[in-house]
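Please read the structure below before turning to the comments.
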Amino acid sequence: MNFEFTEEQKLFADAVRRFALAELEPGALSRAHSPRFPFDVAQRMSRQGLMGITLPAADGGQGGSLMDAVIAIEQVALVCPRSADVVQSGSFGPIRTFAEYASPSLKNRYLPDLLAGRTVMSLAMSEPDAGSAVTDLRTAVRPDGAHYVINGTKVFSTFSLDAAVFLVYARFGPGVGGIGSVVVARDTPGFRIGQPSSFMSGEEWCELYFEDCRIPADHVLLGPGGFKKQITGFNVERIGNAARALAFGRYAFNKARDHVAARVQFGRPLCEFQGLQWKFADMALKLEGAQLLLYRAAVNADRGFPSAYETSLAKAACNLAGFEVAHEAVQAMGATGYSCDTLVEYCMRRCRGWMIAGGSVEILKNRIAEEIFDRRFDQRGRQADAAE
């Protein structure tokens with residue numbers, strides 16, 4: 001088993017890092033504290049070949065592997081954490097599901113601008129009464145001649161403040177088998193975007209309202225029965241989520257390491273105190289262990305869609321490691337780490353959100369337990385089973 005990057009991967013990582021240092025390090029702090037999607041960064045990344053890394057060349061992508069995208073996220077995040085979101089948006093999540101299942105006409109309509117960094121796509125999945133229990137969603141779609149009509153509400157959609165197009169999970173009929181997805185452009189009649197709300201991280205999202213929203217029939221991405229395909233593809237999103245969380249933790253680790261090596265208190269550098277030495281050893285253990293799980297999930301996923309078990313392990317480990325390490329980095333740096341003039345506190349806040357988004361740590365542990373015991377545990381309980 002080889003734990004080293006190939007020569008090609010090493011060259012790619014070096015090229016991405018040099019690009020990030022030259023193009024993204026200036027303005028990294030202000031970029032992190034802006035809630036708006038950094039389209040200027042996306043367009044620079046597109047020219048550098050860092051958008052659509054995992055998408056086929058036939059669709060305008062780079063035809064690269066998931067591991068290539070993970071490497072890009074890591075190298076970008078170590079210089080400008082906020083810009084790693086752009087790599088994520090261009091290679092993971094809804095854009096990948098869209099590229100996998102959209103018709104040629106839909107791809108031609110939306111992918112060029114998405115991959116050029118001129119627009120961004122948002123995933124509309126969560127609802128007021130359907131979060132972790134996403135199969136409880138109520139947003140409904142019905143056919144109406146040459147169109148489909150959508151009614152419902154979505155919440156917590158990433159990039160919804162700026163997105164030009166939305167991939168919307170919706171119900172065509174009862175049960176899990178009735179769930180699919182549709183594509184809705186921002187200017188579609190009957191689609192209304194609410195006022196921005198803020199997360200603890202500083203990111204903003206808007207409630208989405210579908211009120212007899214009419215879309216052409218060809219904007220149905222996956223009809224009834226498409227839910228399992230969507231969730232299987234969603235495991236790819238988890239790899240991107242895990243990669244960012246881990247990279248943010250490592251960014252914070254590096255900044256804190258440099259700080260305690262230089263900062264002098266009581267007549268000697270902070271790194272000479274055993275309490276801090278052990279703290280950093282624990283941080284390194286968490287980062288290195290989670291990274292191996294991430295790389296395994298990404299490499300194995302390149303053979304097809306990723307394993308739900310491996311991605312659950314990787315995301316849970318990376319989310320926890322990223323947050324715990326960033327949290328300890330803030331403590332090690334004291335008031336400097338807590339200050340908004342550094343990005344260490346920003347990394348801590350962002351990592352905390354990823355322990356919820358894309359499958360909470362608790363939901364991931366449920367999935368891991370199912371693999372351990374080789375059985376499915378229905379979280380609904382007997383009353384729900386009887387009702388169904």
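For the structure tokens, the naming scheme is as follows: chains receive sequential letters (A, B, ...) according to their order of presentation, residues are indexed from 1 within each chain, and ligands are indexed from 1 in presentation order.
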Name all residues at most 8 Å from Ser34 (chain A) (count only C-alpha atoms; drop same-chain ones fewer than 4 positions away) and give them as a VMD selection string. chain A and resid 30 202 to 203
Tell me, as JSON, numbers by chain, which residues lie within 12 Å of Tyr338 (chain A), counting only C-alpha atoms; anything in the same chain fewer than 5 positions away does not count. {"A": [252, 256, 326, 327, 328, 329, 330, 331, 332, 333, 343, 344, 345, 346, 347, 348, 349]}
Given only C-alpha atoms, how would the per-residue table for region 115-155 of chain A near region 217-239 of chain A read, listing every residue at most 9 Å away with its closest atom pair and distance in Å to one decimal, sorted by chain and number, as JSON lines?
{"residue": "A:Thr135", "atom": "CA", "partner": "A:Phe227", "partner_atom": "CA", "distance": 8.8}
{"residue": "A:Pro143", "atom": "CA", "partner": "A:Ala217", "partner_atom": "CA", "distance": 8.0}
{"residue": "A:Asp144", "atom": "CA", "partner": "A:Ala217", "partner_atom": "CA", "distance": 8.9}
{"residue": "A:Gly145", "atom": "CA", "partner": "A:Ala217", "partner_atom": "CA", "distance": 8.5}
{"residue": "A:Ala146", "atom": "CA", "partner": "A:Ala217", "partner_atom": "CA", "distance": 5.7}
{"residue": "A:His147", "atom": "CA", "partner": "A:Ala217", "partner_atom": "CA", "distance": 4.8}
{"residue": "A:Tyr148", "atom": "CA", "partner": "A:Ala217", "partner_atom": "CA", "distance": 5.9}
Run DSSP on the backbone and tell me which residues of region 211-316 of chain A come out as alpha helix (DSSP H); list them as number ranges by chain. A: 227-262, 274-301, 308-316
What's around Pro56 (chain A) at 12 Å? Count only C-alpha atoms, leave out sequence neighbours fewer than 3 positions away in its own chain, and write the answer as a ChimeraX atom specification. /A:51-53,59-66,91,95-96,99-100,107,111,115
Residues within 12 Å of Pro269 (chain A), only C-alpha atoms, excluding chain neighbours under 6 positions, as number ranges by chain: A: 257-263, 276-277
May I have the residues within 10 Å of Asp136 (chain A) as a PyMOL selection string, using only C-alpha atoms and disregarding those fewer than 2 positions away in the same chain? chain A and resi 126-127+129-134+138-139+171+175-176+179
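Omitting Ala28 (chain A) and its sequence neighbours fewer than 5 positions away, and counting only C-alpha atoms, the residues within 12 Å are Ala20, Leu21, Ala22, Glu23, His33, Ser34, Pro38, Val41, Val76, Ala77, Leu78, Val79, Cys80, Pro81, Arg82, Ser83, Ala84, Asp341, Thr342, Leu343 and Tyr346 of chain A.
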For Gly249 (chain A), which of A:Met283, A:Cys213, A:Ala357, A:Ala314 is the closest residue, counting only C-alpha atoms?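 Closest residue, counting only C-alpha atoms: A:Met283.
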Quick check, in Å to one decimal: how far apart do CA of Ala185 (chain A) and CA of Phe166 (chain A) lie?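 For CA of Ala185 (chain A) relative to CA of Phe166 (chain A), the distance reads 6.2 Å.
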Restricting the calculation to only C-alpha atoms, which member of A:Cys318, A:Val155, A:Tyr169, A:Val183 is positioned closest to Ser103 (chain A)?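 Among the listed residues, A:Val183 lies closest to Ser103 (chain A).
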Got a sec: who's within 9 Å of Leu313 (chain A), counting only C-alpha atoms, leaving out chain neighbours fewer than 6 positions off, as a PyMOL selection string? chain A and resi 290+293-294+297+364-365+367-368
Would you please work out which residue, of A:Val16, A:Leu167, A:Leu320, A:Val264, is nearest to Asn241 (chain A) when using only C-alpha atoms?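 Nearest to Asn241 (chain A): A:Leu320.
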One decimal, Å: what's the distance from CA of Phe191 (chain A) over to CA of Pro94 (chain A), could you say?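 A separation of 18.9 Å between them.
Closest approach to Ala164 (chain A) from the set A:Ile150, A:Met200, A:Ala321, A:Leu114 is made by A:Leu114, with distances taken over only C-alpha atoms.
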